[in-house]
Every structure is written in C-alpha cells, then in structure tokens.
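What follows is the content of protein-v1.csv (CSV, C-alpha atoms and all ligand atoms).
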chain,number,residue,atom,x,y,z
P,8,MET,CA,11.6,24.9,2.3
P,9,LYS,CA,12.8,21.3,2.7
P,10,ARG,CA,10.8,18.9,0.6
P,11,GLY,CA,8.7,16.6,2.8
P,12,SER,CA,9.0,12.8,3.1
P,13,PHE,CA,6.9,10.3,1.2
P,14,ILE,CA,6.4,7.0,3.0
P,15,ALA,CA,4.3,4.1,1.6
P,16,PHE,CA,3.0,1.1,3.5
P,17,GLU,CA,2.3,-2.2,1.7
P,18,GLY,CA,1.2,-5.7,2.4
P,19,ILE,CA,-1.8,-8.0,2.1
P,20,ASP,CA,-5.1,-7.1,3.8
P,21,GLY,CA,-4.9,-7.7,7.5
P,22,CYS,CA,-1.1,-7.2,7.8
P,23,GLY,CA,-1.6,-4.2,10.1
P,24,LYS,CA,-0.9,-1.3,7.8
P,25,SER,CA,-3.8,1.0,8.9
P,26,THR,CA,-3.0,0.3,12.5
P,27,GLN,CA,0.6,1.3,12.1
P,28,VAL,CA,-0.2,4.3,9.9
P,29,ALA,CA,-2.6,5.7,12.6
P,30,LEU,CA,0.0,5.2,15.4
P,31,LEU,CA,2.7,6.8,13.3
P,32,ARG,CA,0.6,9.7,12.5
P,33,GLU,CA,0.1,10.4,16.2
P,34,LYS,CA,3.8,9.9,17.0
P,35,LEU,CA,5.0,12.2,14.2
P,36,SER,CA,2.4,14.9,15.0
P,37,ARG,CA,3.6,14.9,18.6
P,38,MET,CA,7.1,15.3,17.3
P,39,GLY,CA,5.9,18.5,15.5
P,40,TYR,CA,5.7,17.2,11.9
P,41,THR,CA,2.8,18.0,9.7
P,42,VAL,CA,1.5,14.6,8.6
P,43,ASP,CA,-0.8,13.9,5.7
P,44,VAL,CA,-2.3,10.4,5.8
P,45,THR,CA,-3.8,9.1,2.6
P,46,ARG,CA,-4.5,5.8,0.8
P,47,GLU,CA,-4.7,4.1,-2.6
P,48,PRO,CA,-6.9,3.8,-4.4
P,49,GLY,CA,-8.2,7.1,-3.1
P,50,GLY,CA,-7.0,10.3,-1.5
P,51,THR,CA,-8.8,12.8,-3.7
P,52,VAL,CA,-12.5,13.2,-4.6
P,53,ILE,CA,-11.9,11.8,-8.1
P,54,SER,CA,-9.7,8.9,-6.9
P,55,GLU,CA,-12.2,8.0,-4.1
P,56,ARG,CA,-14.9,7.7,-6.8
P,57,ILE,CA,-12.7,5.5,-8.8
P,58,ARG,CA,-12.1,3.4,-5.6
P,59,GLU,CA,-15.9,2.9,-5.3
P,60,ILE,CA,-16.0,1.6,-8.8
P,61,LEU,CA,-13.1,-0.8,-8.1
P,62,ILE,CA,-14.4,-2.3,-4.9
P,63,ASP,CA,-18.1,-2.5,-5.9
P,64,PRO,CA,-19.0,-6.3,-5.8
P,65,LYS,CA,-21.5,-5.7,-8.5
P,66,HIS,CA,-18.6,-5.1,-10.9
P,67,SER,CA,-17.5,-8.7,-11.2
P,68,GLU,CA,-17.5,-8.3,-15.0
P,69,MET,CA,-14.6,-5.8,-14.8
P,70,THR,CA,-11.7,-6.9,-17.1
P,71,ASP,CA,-8.1,-7.1,-15.7
P,72,GLU,CA,-7.1,-4.3,-18.2
P,73,CYS,CA,-9.9,-2.0,-17.0
P,74,GLU,CA,-8.9,-2.7,-13.4
P,75,ILE,CA,-5.3,-1.8,-13.9
P,76,LEU,CA,-6.1,1.4,-15.8
P,77,LEU,CA,-8.6,2.5,-13.1
P,78,TYR,CA,-6.0,2.0,-10.3
P,79,LEU,CA,-3.5,4.0,-12.3
P,80,ALA,CA,-6.0,6.7,-13.2
P,81,ALA,CA,-6.7,7.1,-9.4
P,82,ARG,CA,-3.0,7.3,-8.8
P,83,ALA,CA,-2.4,9.9,-11.5
P,84,GLN,CA,-4.9,12.2,-9.9
P,85,HIS,CA,-3.7,11.4,-6.3
P,86,VAL,CA,0.0,12.1,-7.0
P,87,ARG,CA,-0.6,15.4,-8.7
P,88,GLN,CA,-3.5,16.8,-6.7
P,89,ARG,CA,-2.4,15.7,-3.2
P,90,ILE,CA,0.9,14.0,-2.8
P,91,VAL,CA,3.2,16.4,-4.7
P,92,PRO,CA,1.7,19.6,-3.2
P,93,ALA,CA,2.0,18.1,0.3
P,94,LEU,CA,5.6,17.2,-0.3
P,95,GLU,CA,6.3,20.7,-1.7
P,96,ASN,CA,4.8,22.0,1.5
P,97,GLY,CA,7.3,20.1,3.6
P,98,ASP,CA,4.7,17.6,4.9
P,99,ILE,CA,5.2,13.9,5.7
P,100,VAL,CA,2.9,11.9,3.5
P,101,LEU,CA,1.9,8.4,4.8
P,102,CYS,CA,0.2,6.5,2.1
P,103,ASP,CA,-1.6,3.2,2.7
P,104,ARG,CA,-0.6,1.3,-0.5
P,105,PHE,CA,1.1,2.7,-3.5
P,106,GLN,CA,2.9,1.5,-6.6
P,107,LEU,CA,4.2,-1.8,-5.2
P,108,ALA,CA,0.5,-2.8,-4.8
P,109,THR,CA,0.1,-2.6,-8.6
P,110,PHE,CA,3.2,-4.8,-9.1
P,111,ALA,CA,2.2,-7.3,-6.4
P,112,TYR,CA,-1.5,-7.7,-7.1
P,113,GLN,CA,-1.7,-7.1,-10.9
P,114,GLY,CA,1.8,-8.4,-11.7
P,115,PHE,CA,2.5,-11.3,-9.3
P,116,GLY,CA,-1.2,-11.9,-8.4
P,117,ARG,CA,-2.9,-11.7,-11.8
P,118,GLY,CA,0.1,-12.4,-13.9
P,119,PHE,CA,0.1,-9.2,-16.0
P,120,PRO,CA,3.5,-8.6,-17.6
P,121,MET,CA,5.7,-6.6,-15.3
P,122,GLU,CA,7.5,-4.5,-17.9
P,123,ARG,CA,4.1,-3.3,-19.2
P,124,LEU,CA,3.0,-2.5,-15.6
P,125,ILE,CA,6.2,-0.6,-14.9
P,126,GLU,CA,5.7,1.5,-18.1
P,127,LEU,CA,2.0,2.2,-17.5
P,128,ASN,CA,2.7,3.1,-13.8
P,129,GLU,CA,5.5,5.5,-14.9
P,130,PHE,CA,3.1,7.3,-17.1
P,131,ALA,CA,0.6,7.5,-14.3
P,132,MET,CA,2.9,8.8,-11.5
P,133,GLY,CA,6.0,10.2,-13.2
P,134,ALA,CA,9.1,10.2,-11.0
P,135,ASN,CA,7.2,10.6,-7.7
P,136,VAL,CA,8.4,7.4,-6.0
P,137,PRO,CA,8.2,7.1,-2.2
P,138,ASP,CA,11.4,7.8,-0.2
P,139,VAL,CA,10.8,4.5,1.5
P,140,THR,CA,8.2,1.8,1.3
P,141,PHE,CA,7.5,-0.6,4.2
P,142,VAL,CA,6.4,-4.0,3.2
P,143,PHE,CA,4.6,-5.7,6.1
P,144,ASP,CA,5.5,-9.4,6.0
P,145,ILE,CA,3.0,-11.7,7.5
P,146,PRO,CA,1.9,-15.3,6.7
P,147,VAL,CA,-1.4,-15.3,4.7
P,148,GLU,CA,-3.1,-17.5,7.2
P,149,GLU,CA,-2.2,-15.1,10.1
P,150,ALA,CA,-3.5,-12.1,8.1
P,151,PHE,CA,-6.8,-14.0,7.4
P,152,ASN,CA,-7.1,-14.8,11.1
P,153,ARG,CA,-6.8,-11.1,12.0
P,154,MET,CA,-9.5,-10.3,9.4
P,155,ARG,CA,-11.7,-13.1,10.7
P,156,LYS,CA,-11.5,-11.6,14.2
P,157,MET,CA,-12.7,-8.3,12.8
P,158,ASN,CA,-15.4,-10.1,10.7
P,159,LYS,CA,-13.7,-8.3,7.8
P,160,LEU,CA,-12.8,-11.4,5.9
P,161,LYS,CA,-15.0,-11.2,2.9
P,162,ASP,CA,-16.2,-14.4,1.2
P,163,ARG,CA,-15.0,-12.9,-2.0
P,164,LEU,CA,-11.5,-12.7,-0.6
P,165,GLU,CA,-11.4,-16.2,0.7
P,166,SER,CA,-13.0,-17.6,-2.4
P,167,ALA,CA,-10.3,-15.9,-4.5
P,168,GLY,CA,-8.2,-18.6,-2.9
P,169,ASP,CA,-5.2,-18.8,-0.7
P,170,GLU,CA,-3.1,-19.4,-3.8
P,171,PHE,CA,-3.7,-15.8,-5.1
P,172,PHE,CA,-2.7,-14.3,-1.7
P,173,HIS,CA,0.4,-16.4,-1.4
P,174,ARG,CA,1.5,-15.2,-4.9
P,175,ILE,CA,0.9,-11.6,-3.7
P,176,HIS,CA,2.7,-12.1,-0.4
P,177,ASN,CA,5.7,-13.7,-2.1
P,178,GLY,CA,5.5,-11.0,-4.8
P,179,TYR,CA,5.9,-8.3,-2.2
P,180,LEU,CA,8.9,-10.0,-0.7
P,181,GLU,CA,10.5,-10.4,-4.1
P,182,LEU,CA,9.9,-6.7,-4.9
P,183,GLY,CA,11.6,-5.8,-1.6
P,184,ARG,CA,14.6,-8.0,-2.5
P,185,ARG,CA,14.8,-6.3,-5.9
P,186,ASP,CA,15.0,-2.8,-4.5
P,187,PRO,CA,16.5,-2.9,-1.0
P,188,GLN,CA,17.4,0.8,-1.2
P,189,ARG,CA,13.8,1.9,-1.2
P,190,VAL,CA,11.9,-1.0,0.3
P,191,SER,CA,12.1,-2.1,3.9
P,192,ILE,CA,10.6,-5.4,4.8
P,193,ILE,CA,9.1,-5.6,8.4
P,194,ASP,CA,8.2,-8.7,10.2
P,195,ALA,CA,4.5,-7.8,10.9
P,196,SER,CA,3.5,-11.0,12.7
P,197,ARG,CA,4.8,-9.5,16.0
P,198,SER,CA,2.9,-7.4,18.5
P,199,ILE,CA,1.6,-4.0,17.4
P,200,GLU,CA,4.1,-2.3,19.7
P,201,GLU,CA,7.1,-4.3,18.4
P,202,VAL,CA,6.1,-3.4,14.8
P,203,GLN,CA,5.6,0.2,15.7
P,204,ASN,CA,9.1,0.5,17.4
P,205,GLU,CA,10.7,-1.0,14.3
P,206,VAL,CA,8.9,1.3,11.9
P,207,ILE,CA,9.9,4.4,13.9
P,208,GLU,CA,13.5,3.3,14.1
P,209,ARG,CA,13.7,2.7,10.4
P,210,ILE,CA,11.8,5.9,9.5
P,211,ILE,CA,14.1,8.3,11.2
P,212,PRO,CA,16.7,8.5,8.4
P,213,PHE,CA,14.0,9.5,5.9
P,214,LEU,CA,12.5,12.4,7.9
X,301,LIG,P1,-4.6,-3.6,7.1
X,301,LIG,O1,-4.8,-2.1,7.1
X,301,LIG,O2,-3.2,-4.0,6.7
X,301,LIG,O3,-5.6,-4.4,6.4
X,301,LIG,P2,-5.3,-3.4,9.9
X,301,LIG,O4,-4.3,-2.5,10.5
X,301,LIG,O5,-6.7,-3.0,9.7
X,301,LIG,O6,-4.7,-4.1,8.6
X,301,LIG,O7,-5.3,-4.7,10.9
X,301,LIG,C1,-6.1,-5.8,10.7
X,301,LIG,C2,-6.6,-6.3,12.1
X,301,LIG,O8,-5.5,-6.9,12.8
X,301,LIG,C3,-7.2,-5.2,13.0
X,301,LIG,O9,-8.2,-5.8,13.8
X,301,LIG,C4,-6.0,-4.9,13.9
X,301,LIG,O10,-6.4,-4.4,15.2
X,301,LIG,C5,-5.3,-6.2,14.0
X,301,LIG,N1,-3.8,-6.0,14.2
X,301,LIG,C6,-3.0,-5.1,13.6
X,301,LIG,N2,-1.7,-5.3,13.9
X,301,LIG,C7,-1.7,-6.3,14.7
X,301,LIG,C8,-0.6,-7.0,15.4
X,301,LIG,N3,0.6,-6.6,15.3
X,301,LIG,N4,-1.0,-8.1,16.1
X,301,LIG,C9,-2.2,-8.5,16.3
X,301,LIG,N5,-3.3,-7.9,15.7
X,301,LIG,C10,-3.0,-6.8,14.9
Could you take the file, read its structure, and then write that structure out as structure tokens?
Ligand code: ADP
Amino acid sequence: MKRGSFIAFEGIDGCGKSTQVALLREKLSRMGYTVDVTREPGGTVISERIREILIDPKHSEMTDECEILLYLAARAQHVRQRIVPALENGDIVLCDRFQLATFAYQGFGRGFPMERLIELNEFAMGANVPDVTFVFDIPVEEAFNRMRKMNKLKDRLESAGDEFFHRIHNGYLELGRRDPQRVSIIDASRSIEEVQNEVIERIIPFL
C-alpha cells in the first residue's frame, strides 16, 4: 500500500491553523481520503497527559529544559504510536503543530541553541519529518485581534510580551526560508476561503 501523507500546520496562536485543518479534513474526506487529524503536544493518551502538564498555569516554575524535554517526550510517543502507523495505513495525517514549533518557540522564542534542539528533536522523532509543513504567516497584532474576538487571548500570553511573539513569528519565516523544499509559507491574513483555496492548491502534489 502507498504510504500516506504527513502534513503539518504551524504558526502563532490565532493564525487560523485549526480552522484550516478542520476545513481540509472535510474536503479531503469528501475526496475519499482517510484523514487523521491530530495535534502537538498531544495525539495519544500519554502525550495528551504531558500536554496537560505543559499548559497548566500552576506550573510557572517549570524550567526551559524541562519544558523542551516534555514537548519532545510527547512527540516521541505521538510519532511512534499514532503518526507512523497512520502513514503505513495510507492515511493523510494533518498535524496541528510539529517540529517547527520546537525550533520557533524554544529556539527563536526562548533562545535555546538550535543545534542542540535539532539533535534532541532527532532523537525524539527519528526520520519522520512531514512531507510538507504549512507556516501560516500573520502579523502578531492581527493574530492577537482574532484571539481577542474569541476571548481566547490569555493574560499570560499578552504579558509574555509582543516581543516574544514577534521573535517566534520571524523565526517561523526564517525556518521556512531555510527549507523551502519542505516548508510552504502561506499569507494567513486573508479570508478563510482564500487561505483554504491556497492550502488545497499547494497540497495536491503531496497527496
Ligand atoms: P489557531 O488554531 O491557529 O490558534 P484558529 O483557527 O483557532 O487559530 O483561529 C483563531 C480565530 O480566528 C477563530 O475565531 C477563527 O474563527 C478566526 N479565523 C481563522 N481564520 C481566519 C481568517 N482567515 N480571517 C478571519 N478570522 C479567522
């Protein structure tokens, strides 16, 4: 059986990833594909429990090193237990965030050395890189506006400072420039429909 396709979606919170993943799931299912939608951190029972630890606001004492290793522990389980079997089954895997998030948030955002992150990430996930990763490019202020409308902009996020999110946003763009074969940057400040059309157009060669 033909191996499936592994497609990751990246960008800062509020860029529209989940909206597009949901639309794409519907579209691809209608086209007859078996689609597995998953997310990071998460996607398996163990990885979702790690996610709860990571996002718990009570855990403000968590060190950067602990945070990185928890993200990677969640990924190690997710890749082996869910993503690889789905791909072997011929499915299309749509994953909300994957390895670029580690490089953008922990690397560009928190300033952790990139070579070290690449090495640790490789240990966690082996050679299972996505066939294509979409980076949703949107100005930080615009993403914050969308989140504000949903009342989803958490004080914690805003207080982390615009500066942090600008570093992440620019980091994502830089990661896209470094790996144009595998990373596709999408202007996500347009309407839901325009973004959807472009995602579908760009995804066809990878199906
Ligand atoms: P993410 O998963 O990247 O955090 P979401 O898909 O949850 O982002 O979108 C954040 C908010 O912005 C939601 O309220 C969503 O309806 C809205 N949204 C998503 N895409 C667009 C768009 N292209 N234009 C305007 N609003 C959008």
* Asked: Which chains and residue numbers are within 7 Å of ligand LIG 301 (chain X), counting all atoms listed in the file, if I want them as a PyMOL selection string?
  -> chain P and resi 18-27+153-154+156-157+195-199+202
* **Given only C-alpha atoms as the counted atoms, nearest of P:Glu68, P:Asp144, P:Glu33, P:Glu95 to Asp194 (chain P)** => P:Asp144
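Among the candidates P:Thr45, P:Gln188, P:Thr140, P:Asn158, the residue lying nearest to Ala29 (chain P) is P:Thr45 (atoms considered: only C-alpha atoms).
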* Asked: Could you name the residues that touch Ile75 (chain P) at 12 Å or less, counting all atoms listed in the file, but leaving out those on the same chain fewer than 2 positions away, as an MDAnalysis selection string?
  -> chainID P and resid 48 57:58 61 69:73 77:82 106 108:114 117:120 123:125 127:128 131
* Structure fact -> Closest of P:Leu94, P:Ala83, P:Ile60, P:Ala134 to Lys9 (chain P), counting only C-alpha atoms, is P:Leu94
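If you count all atoms listed in the file and ignore residues fewer than 3 places along the chain from Val42 (chain P), what sits within 7 Å of it is Arg32, Ser36, Asp98, Ile99 and Val100 of chain P.
The residue set within 8 Å of region 178-187 of chain P, counting all atoms listed in the file and dropping same-chain residues fewer than 2 places from it, reads Gly18, Leu107, Phe110, Ala111, Phe115, Gly116, Val142, Asp144, Arg174, Ile175, His176, Arg189, Val190, Ser191 and Ile192 of chain P.
Each of P:Lys65, P:Tyr40, P:Asp103, P:Gly11 was checked against Val91 (chain P) using all atoms listed in the file; the smallest atom-to-atom distance is that of P:Gly11.
Between Phe16 (chain P) and the candidates P:Gly97, P:Pro137, P:Pro212, P:Gly49, the tightest atom-to-atom separation, counting all atoms listed in the file, involves P:Pro137.
With only C-alpha atoms as the atoms that count, the minimum distance from Leu101 (chain P) to the choices P:Asp138, P:Asp43, P:Glu205, P:Glu74 is reached by P:Asp43.
Taking CA of Ser54 (chain P) and CA of Phe141 (chain P) as endpoints, the distance between them is 22.6 Å.
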* To do: Grab the CA of Val139 (chain P) to CA of Ala15 (chain P) distance for me, in Å with one decimal place.
  => 6.5 Å
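Pairwise distance (CA of Thr51 (chain P), CA of Leu30 (chain P)) equals 22.4 Å.
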